[in-house]
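Trainee: Got a structure for you, written out below as structure tokens; questions coming shortly.
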Number of protein chains: 2
Amino acid sequence: MKLANYLENTVPFPTGELMDIISYFEREAVQKNKMLVREGQVCTKLYFLEKGVGRSYYLKEAGKEVTQWFFVEGQFMSSIESFFQQNPSLYYLEILEDAVLYSITREKLDLLFARYHNMEKLGRLLSTEMLTRVVNKLSAIQFQTARERHDYMLTEFPDIANRVALGHIASYLGMTQETLSRIRRGDPPKKS
Amino acid sequence: MKLANYLENTVPFPTGELMDIISYFEREAVQKNKMLVREGQVCTKLYFLEKGVGRSYYLKEAGKEVTQWFFVEGQFMSSIESFFQQNPSLYYLEILEDAVLYSITREKLDLLFARYHNMEKLGRLLSTEMLTRVVNKLSAIQFQTARERHDYMLTEFPDIANRVALGHIASYLGMTQETLSRIRRGDPPKKS
DNA sequence: CCAATTATTTGACATAGGTCAAAAGAAATC
DNA sequence: GATTTCTTTTGACCTATGTCAAATAATTGG
């Protein structure tokens with residue numbers, strides 16, 4: 001999805017504002033496996049995915065990757081806390097499929113927030129939306145069985161299963177890839 | 001903490017704006033065990049806790065309560081998705097200690113968002129902050145042991161342990177109260 | 001196309017944390 | 001301050017899911 005369409009569907013910007021806002025973003029194609037941000041770096045940009053899939057993840061002891069979130073076309077992507085507080089990112093941001101993305105720096109975004117009340121509103125709405133999505137995931141993770149968490153994921157990211165590696169999804173769901181593999185096979189819940 | 005202090009510490013409102021904004025809130029004292037919102041009701045107000053503790057929780061099958069979040073003095077409290085999307089709340093909002101709180105309706109808040117760019121900014125900043133806090137909890141819940149989750153909680157809500165029931169905290173942390181009780185006792189991780 | 005990686009599945013076994021039931025301790029009510 | 005009710009602790013046992021290791025299967029590169 002194009003950035004302009006996305007923006008105007010969220011807040012009714014006058015055309016002049018919309019054009020000006022878009023002009024502050026850069027559009028680029030990036031390839032699979034590109035790392036946008038590494039742990040410890042400050043995340044300098046907010047991205048919008050026109051096409052492709054990405055994820056954020058962190059490393060546990062023993063170097064195990066834990067997927068924190070997936071981002072698909074039509075969504076903003078960033079290491080949020082790092083981007084907004086300008087402190088070192090706890091997460092890696094990785095592109096998992098060839099993608100087209102728009103990006104904007106923190107300075108330019110702040111300028112737009114200050115210039116356009118509408119833009120500030122967009123920021124508020126996006127934050128609130130993301131917040132409710134994270135809360136949903138939390139509810140799923142906090143008290144559901146591995147199988148129920150898998151079902152939750154299908155509602156949040158319906159086609160992700162065919163697009164990214166099993167292990168990435170398993171860690172996103174808080175389980176091992178062996179467990180996810182068995183769930184997909186449809187193992188009957190073990191009796192005695 | 002007073003609402004006015006909180007607001008001006010977050011965004012530098014001109015005094016006139018601040019006064020006007022505050023005037024849209026109502027202040028009231030409420031007693032322990034008061035239910036602000038029940039599941040299925042639309043949450044009509046956003047609250048700010050000057051004093052006291054509250055929580056949001058939902059009911060699992062078998063009527064078990066699962067605490068979703070705690071709110072302490074100096075924080076806003078609401079069933080966020082319900083309040084912002086005006087749909088039925090999935091959660092109960094309950095006051096756990098005698099409290100003093102300010103409240104504002106959605107209509108009045110929208111009016112303030114529209115009237116003051118600064119207010120819109122405040123909304124954005126609060127959403128973003130809450131988002132990072134929820135993400136932190138998610139990271140803790142997703143891949144940490146019961147003991148580590150308990151440690152996480154002490155950083156997010158240092159004094160909550162003395163203020164609310166064990167069972168409320170246990171479900172907040174995604175564990176049973178028996179497990180939390182054993183952690184507090186300092187059980188050595190079981191050998192053999 | 002074949003070799004070499006890389007990802008997924010399977011099996012055997014281990015364990016953190018759950019469940020259920022009862023006892024002990026606090027708090028509220030009369 | 002005794003009785004009732006609610007909360008926390010403890011113990012015995014169970015199970016979902018993790019760990020480790022090996023076998024397939026799929027993908028990638030020469």
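Starting from 1 in every chain, residues are counted up; chains themselves are A, B, ... following the order of the structure tokens, and ligands are numbered from 1 as listed.
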Output the coordinates of chain B after least-squares fitting to chain A on all in-order C-alpha pairs, as a PDB file with C-alpha atoms, in the first residue's frame.
Mentor:
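Saved file result_10.pdb follows:
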ATOM      1  CA  MET B   1      -0.011  -0.031   0.020  1.00  0.00           C
ATOM      2  CA  LYS B   2       1.149   3.462  -0.850  1.00  0.00           C
ATOM      3  CA  LEU B   3       2.044   5.775   1.976  1.00  0.00           C
ATOM      4  CA  ALA B   4      -0.207   8.554   0.685  1.00  0.00           C
ATOM      5  CA  ASN B   5      -3.256   6.299   0.656  1.00  0.00           C
ATOM      6  CA  TYR B   6      -2.520   5.031   4.086  1.00  0.00           C
ATOM      7  CA  LEU B   7      -2.149   8.520   5.535  1.00  0.00           C
ATOM      8  CA  GLU B   8      -5.314   9.915   4.054  1.00  0.00           C
ATOM      9  CA  ASN B   9      -7.320   6.919   5.166  1.00  0.00           C
ATOM     10  CA  THR B  10      -6.243   7.548   8.734  1.00  0.00           C
ATOM     11  CA  VAL B  11      -6.656  11.321   8.989  1.00  0.00           C
ATOM     12  CA  PRO B  12      -8.341  13.543   6.362  1.00  0.00           C
ATOM     13  CA  PHE B  13      -5.396  15.703   5.400  1.00  0.00           C
ATOM     14  CA  PRO B  14      -5.929  18.596   2.998  1.00  0.00           C
ATOM     15  CA  THR B  15      -4.107  17.707  -0.229  1.00  0.00           C
ATOM     16  CA  GLY B  16      -1.492  20.391   0.266  1.00  0.00           C
ATOM     17  CA  GLU B  17      -0.519  19.048   3.655  1.00  0.00           C
ATOM     18  CA  LEU B  18      -0.410  15.521   2.397  1.00  0.00           C
ATOM     19  CA  MET B  19       1.927  16.423  -0.447  1.00  0.00           C
ATOM     20  CA  ASP B  20       4.213  18.331   1.854  1.00  0.00           C
ATOM     21  CA  ILE B  21       4.299  15.497   4.374  1.00  0.00           C
ATOM     22  CA  ILE B  22       5.051  12.844   1.790  1.00  0.00           C
ATOM     23  CA  SER B  23       7.900  14.953   0.451  1.00  0.00           C
ATOM     24  CA  TYR B  24       9.756  14.455   3.734  1.00  0.00           C
ATOM     25  CA  PHE B  25       9.876  10.707   3.266  1.00  0.00           C
ATOM     26  CA  GLU B  26      12.381   8.824   1.159  1.00  0.00           C
ATOM     27  CA  ARG B  27      11.346   5.804  -0.820  1.00  0.00           C
ATOM     28  CA  GLU B  28      13.707   2.910  -1.463  1.00  0.00           C
ATOM     29  CA  ALA B  29      13.778  -0.744  -2.366  1.00  0.00           C
ATOM     30  CA  VAL B  30      15.647  -3.016   0.004  1.00  0.00           C
ATOM     31  CA  GLN B  31      16.530  -6.650  -0.250  1.00  0.00           C
ATOM     32  CA  LYS B  32      15.716  -9.612   1.880  1.00  0.00           C
ATOM     33  CA  ASN B  33      17.913 -10.029   4.957  1.00  0.00           C
ATOM     34  CA  LYS B  34      18.755  -6.332   5.117  1.00  0.00           C
ATOM     35  CA  MET B  35      19.271  -5.205   8.688  1.00  0.00           C
ATOM     36  CA  LEU B  36      17.764  -1.771   9.209  1.00  0.00           C
ATOM     37  CA  VAL B  37      18.899  -1.410  12.816  1.00  0.00           C
ATOM     38  CA  ARG B  38      21.127  -3.435  15.104  1.00  0.00           C
ATOM     39  CA  GLU B  39      20.974  -3.794  18.840  1.00  0.00           C
ATOM     40  CA  GLY B  40      22.824  -0.956  20.506  1.00  0.00           C
ATOM     41  CA  GLN B  41      22.363   1.487  17.633  1.00  0.00           C
ATOM     42  CA  VAL B  42      19.959   4.372  17.897  1.00  0.00           C
ATOM     43  CA  CYS B  43      17.137   3.794  15.450  1.00  0.00           C
ATOM     44  CA  THR B  44      17.225   6.977  13.404  1.00  0.00           C
ATOM     45  CA  LYS B  45      14.284   6.358  11.149  1.00  0.00           C
ATOM     46  CA  LEU B  46      10.665   5.460  11.100  1.00  0.00           C
ATOM     47  CA  TYR B  47       9.805   3.193   8.184  1.00  0.00           C
ATOM     48  CA  PHE B  48       6.618   2.487   6.309  1.00  0.00           C
ATOM     49  CA  LEU B  49       6.344  -0.746   4.368  1.00  0.00           C
ATOM     50  CA  GLU B  50       4.763  -0.358   0.979  1.00  0.00           C
ATOM     51  CA  LYS B  51       5.608  -3.965   0.221  1.00  0.00           C
ATOM     52  CA  GLY B  52       7.402  -6.795   1.990  1.00  0.00           C
ATOM     53  CA  VAL B  53       7.718  -8.182   5.492  1.00  0.00           C
ATOM     54  CA  GLY B  54       9.998  -7.302   8.368  1.00  0.00           C
ATOM     55  CA  ARG B  55      10.423  -8.188  11.987  1.00  0.00           C
ATOM     56  CA  SER B  56      11.971  -6.887  15.169  1.00  0.00           C
ATOM     57  CA  TYR B  57      13.832  -9.328  17.369  1.00  0.00           C
ATOM     58  CA  TYR B  58      16.273  -9.431  20.233  1.00  0.00           C
ATOM     59  CA  LEU B  59      18.953 -11.848  21.328  1.00  0.00           C
ATOM     60  CA  LYS B  60      18.577 -13.870  24.461  1.00  0.00           C
ATOM     61  CA  GLU B  61      21.529 -15.348  26.286  1.00  0.00           C
ATOM     62  CA  ALA B  62      23.000 -18.134  24.219  1.00  0.00           C
ATOM     63  CA  GLY B  63      22.380 -15.983  21.186  1.00  0.00           C
ATOM     64  CA  LYS B  64      18.849 -17.160  20.622  1.00  0.00           C
ATOM     65  CA  GLU B  65      16.746 -14.823  18.530  1.00  0.00           C
ATOM     66  CA  VAL B  66      13.337 -13.901  19.862  1.00  0.00           C
ATOM     67  CA  THR B  67      10.978 -12.277  17.388  1.00  0.00           C
ATOM     68  CA  GLN B  68       9.156  -9.411  18.992  1.00  0.00           C
ATOM     69  CA  TRP B  69       6.904  -8.264  16.188  1.00  0.00           C
ATOM     70  CA  PHE B  70       6.199  -8.706  12.504  1.00  0.00           C
ATOM     71  CA  PHE B  71       5.544  -5.822  10.156  1.00  0.00           C
ATOM     72  CA  VAL B  72       3.765  -6.269   6.856  1.00  0.00           C
ATOM     73  CA  GLU B  73       2.901  -3.979   3.939  1.00  0.00           C
ATOM     74  CA  GLY B  74       0.759  -1.035   4.915  1.00  0.00           C
ATOM     75  CA  GLN B  75       2.314  -0.668   8.362  1.00  0.00           C
ATOM     76  CA  PHE B  76       4.886   1.486  10.040  1.00  0.00           C
ATOM     77  CA  MET B  77       7.982  -0.260  11.315  1.00  0.00           C
ATOM     78  CA  SER B  78      10.569   0.939  13.807  1.00  0.00           C
ATOM     79  CA  SER B  79      12.322   0.194  17.037  1.00  0.00           C
ATOM     80  CA  ILE B  80       9.794   2.402  18.702  1.00  0.00           C
ATOM     81  CA  GLU B  81      11.379   3.190  22.008  1.00  0.00           C
ATOM     82  CA  SER B  82      14.757   3.816  20.409  1.00  0.00           C
ATOM     83  CA  PHE B  83      13.304   6.015  17.715  1.00  0.00           C
ATOM     84  CA  PHE B  84      11.199   8.131  20.047  1.00  0.00           C
ATOM     85  CA  GLN B  85      13.543   8.346  23.014  1.00  0.00           C
ATOM     86  CA  GLN B  86      16.693   8.311  20.886  1.00  0.00           C
ATOM     87  CA  ASN B  87      18.365   5.709  23.004  1.00  0.00           C
ATOM     88  CA  PRO B  88      20.119   2.522  21.914  1.00  0.00           C
ATOM     89  CA  SER B  89      17.804  -0.048  20.485  1.00  0.00           C
ATOM     90  CA  LEU B  90      17.207  -3.287  22.338  1.00  0.00           C
ATOM     91  CA  TYR B  91      16.077  -4.814  19.084  1.00  0.00           C
ATOM     92  CA  TYR B  92      17.239  -5.639  15.618  1.00  0.00           C
ATOM     93  CA  LEU B  93      15.031  -4.589  12.709  1.00  0.00           C
ATOM     94  CA  GLU B  94      15.307  -6.971   9.801  1.00  0.00           C
ATOM     95  CA  ILE B  95      13.695  -7.176   6.392  1.00  0.00           C
ATOM     96  CA  LEU B  96      12.587 -10.727   5.629  1.00  0.00           C
ATOM     97  CA  GLU B  97      11.313 -10.346   2.076  1.00  0.00           C
ATOM     98  CA  ASP B  98      12.394  -7.951  -0.658  1.00  0.00           C
ATOM     99  CA  ALA B  99      10.628  -4.744   0.248  1.00  0.00           C
ATOM    100  CA  VAL B 100       9.804  -1.204  -0.742  1.00  0.00           C
ATOM    101  CA  LEU B 101       9.828   1.220   2.091  1.00  0.00           C
ATOM    102  CA  TYR B 102       9.540   4.867   2.956  1.00  0.00           C
ATOM    103  CA  SER B 103      11.579   6.359   5.750  1.00  0.00           C
ATOM    104  CA  ILE B 104      11.714   9.577   7.686  1.00  0.00           C
ATOM    105  CA  THR B 105      14.130  10.830  10.317  1.00  0.00           C
ATOM    106  CA  ARG B 106      13.157  11.894  13.781  1.00  0.00           C
ATOM    107  CA  GLU B 107      13.983  15.554  13.092  1.00  0.00           C
ATOM    108  CA  LYS B 108      11.808  15.710  10.031  1.00  0.00           C
ATOM    109  CA  LEU B 109       8.989  13.918  11.752  1.00  0.00           C
ATOM    110  CA  ASP B 110       9.151  16.305  14.712  1.00  0.00           C
ATOM    111  CA  LEU B 111       9.030  19.175  12.290  1.00  0.00           C
ATOM    112  CA  LEU B 112       5.878  17.731  10.731  1.00  0.00           C
ATOM    113  CA  PHE B 113       4.326  17.101  14.137  1.00  0.00           C
ATOM    114  CA  ALA B 114       4.948  20.722  15.029  1.00  0.00           C
ATOM    115  CA  ARG B 115       3.807  22.103  11.701  1.00  0.00           C
ATOM    116  CA  TYR B 116       0.576  20.128  11.303  1.00  0.00           C
ATOM    117  CA  HIS B 117      -1.922  19.461  14.029  1.00  0.00           C
ATOM    118  CA  ASN B 118      -3.273  16.721  11.740  1.00  0.00           C
ATOM    119  CA  MET B 119       0.093  15.038  11.734  1.00  0.00           C
ATOM    120  CA  GLU B 120       0.226  15.042  15.499  1.00  0.00           C
ATOM    121  CA  LYS B 121      -3.183  13.431  15.437  1.00  0.00           C
ATOM    122  CA  LEU B 122      -1.970  10.786  13.046  1.00  0.00           C
ATOM    123  CA  GLY B 123       0.881  10.034  15.440  1.00  0.00           C
ATOM    124  CA  ARG B 124      -1.534   9.696  18.302  1.00  0.00           C
ATOM    125  CA  LEU B 125      -3.875   7.414  16.394  1.00  0.00           C
ATOM    126  CA  LEU B 126      -1.071   5.171  15.207  1.00  0.00           C
ATOM    127  CA  SER B 127       0.354   4.862  18.702  1.00  0.00           C
ATOM    128  CA  THR B 128      -3.018   4.018  20.133  1.00  0.00           C
ATOM    129  CA  GLU B 129      -3.668   1.445  17.466  1.00  0.00           C
ATOM    130  CA  MET B 130      -0.303  -0.200  17.971  1.00  0.00           C
ATOM    131  CA  LEU B 131      -0.899  -0.175  21.701  1.00  0.00           C
ATOM    132  CA  THR B 132      -4.131  -2.118  21.359  1.00  0.00           C
ATOM    133  CA  ARG B 133      -2.457  -4.632  19.082  1.00  0.00           C
ATOM    134  CA  VAL B 134       0.365  -5.212  21.530  1.00  0.00           C
ATOM    135  CA  VAL B 135      -2.127  -5.553  24.359  1.00  0.00           C
ATOM    136  CA  ASN B 136      -3.949  -8.215  22.351  1.00  0.00           C
ATOM    137  CA  LYS B 137      -0.773 -10.159  21.891  1.00  0.00           C
ATOM    138  CA  LEU B 138       0.006  -9.843  25.544  1.00  0.00           C
ATOM    139  CA  SER B 139      -3.373 -11.308  26.473  1.00  0.00           C
ATOM    140  CA  ALA B 140      -2.734 -14.202  24.144  1.00  0.00           C
ATOM    141  CA  ILE B 141       0.772 -14.886  25.409  1.00  0.00           C
ATOM    142  CA  GLN B 142      -0.023 -14.420  29.052  1.00  0.00           C
ATOM    143  CA  PHE B 143      -2.565 -17.132  29.600  1.00  0.00           C
ATOM    144  CA  GLN B 144      -3.133 -19.212  26.576  1.00  0.00           C
ATOM    145  CA  THR B 145      -1.835 -22.595  25.564  1.00  0.00           C
ATOM    146  CA  ALA B 146       0.624 -22.942  22.703  1.00  0.00           C
ATOM    147  CA  ARG B 147      -2.203 -23.964  20.387  1.00  0.00           C
ATOM    148  CA  GLU B 148      -4.357 -20.971  21.306  1.00  0.00           C
ATOM    149  CA  ARG B 149      -1.450 -18.594  20.798  1.00  0.00           C
ATOM    150  CA  HIS B 150      -1.031 -20.042  17.351  1.00  0.00           C
ATOM    151  CA  ASP B 151      -4.685 -19.305  16.622  1.00  0.00           C
ATOM    152  CA  TYR B 152      -4.269 -15.748  17.874  1.00  0.00           C
ATOM    153  CA  MET B 153      -1.399 -15.286  15.441  1.00  0.00           C
ATOM    154  CA  LEU B 154      -3.513 -16.327  12.498  1.00  0.00           C
ATOM    155  CA  THR B 155      -5.866 -13.453  13.244  1.00  0.00           C
ATOM    156  CA  GLU B 156      -3.116 -10.871  13.656  1.00  0.00           C
ATOM    157  CA  PHE B 157      -0.953 -12.033  10.729  1.00  0.00           C
ATOM    158  CA  PRO B 158      -3.082 -14.327   8.571  1.00  0.00           C
ATOM    159  CA  ASP B 159      -0.559 -15.117   5.861  1.00  0.00           C
ATOM    160  CA  ILE B 160       2.673 -14.832   7.803  1.00  0.00           C
ATOM    161  CA  ALA B 161       3.062 -18.599   8.012  1.00  0.00           C
ATOM    162  CA  ASN B 162       3.869 -18.847   4.319  1.00  0.00           C
ATOM    163  CA  ARG B 163       6.215 -15.912   4.290  1.00  0.00           C
ATOM    164  CA  VAL B 164       8.667 -16.306   7.148  1.00  0.00           C
ATOM    165  CA  ALA B 165      10.658 -19.085   8.785  1.00  0.00           C
ATOM    166  CA  LEU B 166       9.030 -21.343  11.334  1.00  0.00           C
ATOM    167  CA  GLY B 167      11.564 -20.456  13.982  1.00  0.00           C
ATOM    168  CA  HIS B 168      10.783 -16.751  13.668  1.00  0.00           C
ATOM    169  CA  ILE B 169       7.129 -17.388  14.258  1.00  0.00           C
ATOM    170  CA  ALA B 170       7.718 -19.812  17.087  1.00  0.00           C
ATOM    171  CA  SER B 171       9.764 -17.339  19.080  1.00  0.00           C
ATOM    172  CA  TYR B 172       7.208 -14.621  18.343  1.00  0.00           C
ATOM    173  CA  LEU B 173       4.653 -16.888  19.991  1.00  0.00           C
ATOM    174  CA  GLY B 174       6.808 -17.732  22.964  1.00  0.00           C
ATOM    175  CA  MET B 175       7.378 -21.362  22.119  1.00  0.00           C
ATOM    176  CA  THR B 176      10.068 -23.504  20.521  1.00  0.00           C
ATOM    177  CA  GLN B 177       9.989 -24.325  16.873  1.00  0.00           C
ATOM    178  CA  GLU B 178       9.595 -27.995  17.684  1.00  0.00           C
ATOM    179  CA  THR B 179       6.385 -27.219  19.520  1.00  0.00           C
ATOM    180  CA  LEU B 180       5.078 -25.061  16.687  1.00  0.00           C
ATOM    181  CA  SER B 181       5.915 -27.784  14.193  1.00  0.00           C
ATOM    182  CA  ARG B 182       3.928 -30.306  16.230  1.00  0.00           C
ATOM    183  CA  ILE B 183       0.980 -27.927  16.468  1.00  0.00           C
ATOM    184  CA  ARG B 184       0.959 -27.463  12.723  1.00  0.00           C
ATOM    185  CA  ARG B 185       0.994 -31.178  12.209  1.00  0.00           C
ATOM    186  CA  GLY B 186      -2.106 -31.186  14.371  1.00  0.00           C
ATOM    187  CA  ASP B 187      -0.835 -33.473  17.097  1.00  0.00           C
ATOM    188  CA  PRO B 188      -3.631 -34.584  19.353  1.00  0.00           C
ATOM    189  CA  PRO B 189      -3.007 -33.298  22.879  1.00  0.00           C
ATOM    190  CA  LYS B 190      -0.973 -36.121  24.394  1.00  0.00           C
ATOM    191  CA  LYS B 191      -2.906 -38.632  26.511  1.00  0.00           C
ATOM    192  CA  SER B 192      -1.240 -40.523  29.370  1.00  0.00           C
TER     193      SER B 192
END
Trainee: Please return as a PyMOL selection string: the residues of chain A that backbone DSSP assigns to strand (DSSP E).
Mentor: chain A and resi 26-30+35-37+45-51+53-59+65-72+75-77+92-95+99-105
Trainee: Could you write out the selected residues, including N, CA and C atoms, as a short mmCIF file (atom, residue, chain, number, x, y, z; two decimals), in the first residue's frame?
Mentor:
data_model
loop_
_atom_site.label_atom_id
_atom_site.label_comp_id
_atom_site.auth_asym_id
_atom_site.auth_seq_id
_atom_site.Cartn_x
_atom_site.Cartn_y
_atom_site.Cartn_z
N GLU A 26 11.61 9.37 2.29
CA GLU A 26 12.37 8.83 1.16
C GLU A 26 11.87 7.43 0.87
N ARG A 27 11.83 7.10 -0.40
CA ARG A 27 11.33 5.81 -0.81
C ARG A 27 12.51 4.99 -1.35
N GLU A 28 12.59 3.74 -0.96
CA GLU A 28 13.69 2.92 -1.46
C GLU A 28 13.30 1.44 -1.48
N ALA A 29 13.98 0.70 -2.36
CA ALA A 29 13.76 -0.74 -2.39
C ALA A 29 14.89 -1.37 -1.58
N VAL A 30 14.55 -2.34 -0.75
CA VAL A 30 15.63 -3.02 -0.02
C VAL A 30 15.45 -4.53 -0.15
N MET A 35 19.46 -5.59 7.29
CA MET A 35 19.27 -5.22 8.69
C MET A 35 19.13 -3.70 8.75
N LEU A 36 17.98 -3.23 9.17
CA LEU A 36 17.76 -1.78 9.21
C LEU A 36 18.41 -1.16 10.44
N VAL A 37 18.34 -1.91 11.54
CA VAL A 37 18.89 -1.42 12.81
C VAL A 37 19.46 -2.61 13.56
N LYS A 45 15.38 6.15 12.06
CA LYS A 45 14.27 6.35 11.13
C LYS A 45 13.03 5.57 11.49
N LEU A 46 11.93 6.15 11.06
CA LEU A 46 10.66 5.45 11.11
C LEU A 46 10.40 5.00 9.68
N TYR A 47 10.01 3.74 9.51
CA TYR A 47 9.80 3.19 8.18
C TYR A 47 8.33 2.90 7.94
N PHE A 48 7.95 2.94 6.69
CA PHE A 48 6.61 2.49 6.30
C PHE A 48 6.81 1.47 5.20
N LEU A 49 6.18 0.33 5.35
CA LEU A 49 6.34 -0.75 4.37
C LEU A 49 5.27 -0.65 3.29
N GLU A 50 5.71 -0.35 2.09
CA GLU A 50 4.75 -0.36 0.98
C GLU A 50 4.55 -1.80 0.54
N LYS A 51 5.59 -2.59 0.72
CA LYS A 51 5.60 -3.96 0.22
C LYS A 51 6.66 -4.73 1.00
N VAL A 53 7.91 -7.81 4.09
CA VAL A 53 7.71 -8.20 5.49
C VAL A 53 8.99 -7.93 6.26
N GLY A 54 8.84 -7.48 7.49
CA GLY A 54 10.01 -7.31 8.35
C GLY A 54 9.68 -7.82 9.74
N ARG A 55 10.69 -7.82 10.58
CA ARG A 55 10.42 -8.18 11.97
C ARG A 55 11.39 -7.43 12.87
N SER A 56 11.03 -7.35 14.15
CA SER A 56 11.97 -6.89 15.15
C SER A 56 12.28 -8.10 16.02
N TYR A 57 13.50 -8.20 16.47
CA TYR A 57 13.85 -9.32 17.35
C TYR A 57 14.98 -8.92 18.27
N TYR A 58 15.13 -9.67 19.34
CA TYR A 58 16.27 -9.43 20.21
C TYR A 58 16.98 -10.74 20.49
N LEU A 59 18.18 -10.65 21.05
CA LEU A 59 18.97 -11.84 21.32
C LEU A 59 18.92 -12.16 22.80
N GLU A 65 17.57 -15.95 18.99
CA GLU A 65 16.76 -14.83 18.51
C GLU A 65 15.32 -14.99 18.97
N VAL A 66 14.76 -13.89 19.48
CA VAL A 66 13.36 -13.90 19.86
C VAL A 66 12.65 -12.82 19.05
N THR A 67 11.73 -13.25 18.19
CA THR A 67 10.99 -12.29 17.39
C THR A 67 10.02 -11.54 18.28
N GLN A 68 10.05 -10.22 18.15
CA GLN A 68 9.18 -9.42 18.99
C GLN A 68 7.92 -9.03 18.24
N TRP A 69 8.07 -8.72 16.96
CA TRP A 69 6.91 -8.28 16.18
C TRP A 69 7.17 -8.48 14.69
N PHE A 70 6.09 -8.71 13.96
CA PHE A 70 6.19 -8.73 12.50
C PHE A 70 5.57 -7.46 11.93
N PHE A 71 6.09 -7.01 10.83
CA PHE A 71 5.54 -5.83 10.15
C PHE A 71 5.28 -6.22 8.72
N VAL A 72 4.07 -5.93 8.24
CA VAL A 72 3.76 -6.26 6.85
C VAL A 72 3.37 -5.01 6.08
N GLN A 75 2.08 -0.98 6.94
CA GLN A 75 2.30 -0.68 8.35
C GLN A 75 3.61 0.08 8.55
N PHE A 76 3.63 0.84 9.65
CA PHE A 76 4.88 1.48 10.04
C PHE A 76 5.74 0.48 10.79
N MET A 77 7.01 0.66 10.71
CA MET A 77 7.97 -0.27 11.31
C MET A 77 9.10 0.55 11.92
N TYR A 92 16.83 -5.70 17.00
CA TYR A 92 17.24 -5.65 15.61
C TYR A 92 15.98 -5.45 14.78
N LEU A 93 16.12 -4.73 13.67
CA LEU A 93 15.03 -4.61 12.71
C LEU A 93 15.53 -5.22 11.42
N GLU A 94 14.83 -6.21 10.95
CA GLU A 94 15.30 -6.98 9.81
C GLU A 94 14.21 -7.09 8.75
N ILE A 95 14.62 -6.97 7.50
CA ILE A 95 13.70 -7.17 6.38
C ILE A 95 13.76 -8.65 5.98
N ALA A 99 11.61 -5.72 -0.19
CA ALA A 99 10.61 -4.75 0.24
C ALA A 99 10.79 -3.38 -0.40
N VAL A 100 9.72 -2.62 -0.37
CA VAL A 100 9.78 -1.21 -0.75
C VAL A 100 9.36 -0.44 0.48
N LEU A 101 10.22 0.49 0.89
CA LEU A 101 9.83 1.22 2.09
C LEU A 101 10.13 2.71 2.01
N TYR A 102 9.35 3.43 2.80
CA TYR A 102 9.53 4.87 2.96
C TYR A 102 10.16 5.06 4.32
N SER A 103 10.98 6.09 4.44
CA SER A 103 11.56 6.35 5.75
C SER A 103 11.61 7.85 6.02
N ILE A 104 11.61 8.18 7.29
CA ILE A 104 11.70 9.58 7.70
C ILE A 104 12.52 9.64 8.98
N THR A 105 13.32 10.69 9.11
CA THR A 105 14.12 10.83 10.33
C THR A 105 13.28 11.45 11.44
#
Trainee: Can you check which residues of chain C have any atom within 10 Å of chain A? Use only C-alpha atoms (C1' of nucleotides) and format it as a PyMOL selection string.
Mentor: chain C and resi 7-10
Trainee: Restrict the selected residues to N, CA and C atoms (P, O5', C5', C4', C3', O3' and C1' of nucleotides) and save them as a compact mmCIF listing (two decimals), in the first residue's frame.
Mentor:
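See out.txt below for the written result:
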# COMPACT_ATOMS: atom_id res chain seq x y z
P DA C 7 18.10 -21.22 7.99
O5' DA C 7 16.98 -22.31 7.73
C5' DA C 7 16.12 -22.19 6.61
C4' DA C 7 15.02 -23.21 6.72
C3' DA C 7 14.22 -23.10 8.02
O3' DA C 7 12.84 -23.17 7.66
C1' DA C 7 15.12 -25.29 7.81
P DT C 8 11.67 -23.30 8.71
O5' DT C 8 11.47 -24.87 8.82
C5' DT C 8 10.93 -25.58 7.72
C4' DT C 8 10.73 -27.02 8.12
C3' DT C 8 9.79 -27.25 9.30
O3' DT C 8 8.71 -28.02 8.79
C1' DT C 8 11.77 -28.53 9.53
P DT C 9 7.49 -28.51 9.71
O5' DT C 9 8.00 -29.95 10.17
C5' DT C 9 8.28 -30.92 9.19
C4' DT C 9 8.82 -32.17 9.86
C3' DT C 9 7.94 -32.77 10.95
O3' DT C 9 7.62 -34.09 10.52
C1' DT C 9 10.21 -32.67 11.64
P DT C 10 6.53 -34.98 11.26
O5' DT C 10 7.40 -35.80 12.31
C5' DT C 10 8.40 -36.70 11.83
C4' DT C 10 9.23 -37.19 12.98
C3' DT C 10 8.47 -37.67 14.21
O3' DT C 10 8.59 -39.09 14.25
C1' DT C 10 10.44 -36.47 14.78
Trainee: Interatomic distance between atom C1' of D:DA25 and atom C1' of C:DG11?
Mentor: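 Interatomic distance here is 17.0 Å.
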Trainee: Starting from chain D, keep only residues with some atom at most 10 Å from an atom of chain A, counting only C-alpha atoms (C1' of nucleotides), and report them as an NGL selection string.
Mentor: :D and (15-19)
Trainee: Could you pull out the helix (DSSP H, G or I) residues of stretch 95-137 of chain A, going by DSSP on the backbone, and write them as a ChimeraX atom specification?
Mentor: /A:106-115,117-137
Trainee: Skip C:DA23 itself and residues of its chain fewer than 2 positions away, then list as a list in words all residues within 12 Å of it, counting only C-alpha atoms (C1' of nucleotides).
Mentor: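 Selected residues are DA21 and DG25 of chain C; DT8, DT9, DT10 and DG11 of chain D.
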Trainee: One decimal, Å: what's the distance from atom C1' of C:DA24 over to atom C1' of D:DT3, could you say?
Mentor: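 The value is 16.5 Å.
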Trainee: What's the 12 Å shell around C:DT29, counting only C-alpha atoms (C1' of nucleotides), without same-chain residues fewer than 2 positions away, as an MDAnalysis selection string?
Mentor: (chainID C and resid 27) or (chainID D and resid 1:5)
Trainee: Just want the 12 Å neighbourhood of C:DC2, counted on only C-alpha atoms (C1' of nucleotides), with same-chain residues fewer than 4 positions away dropped. Output as a ChimeraX atom specification.
Mentor: /D:28-30
Trainee: Expressed in Å to a single decimal, how great is the separation between atom C1' of D:DT27 and atom C1' of C:DA12?
Mentor: 29.1 Å
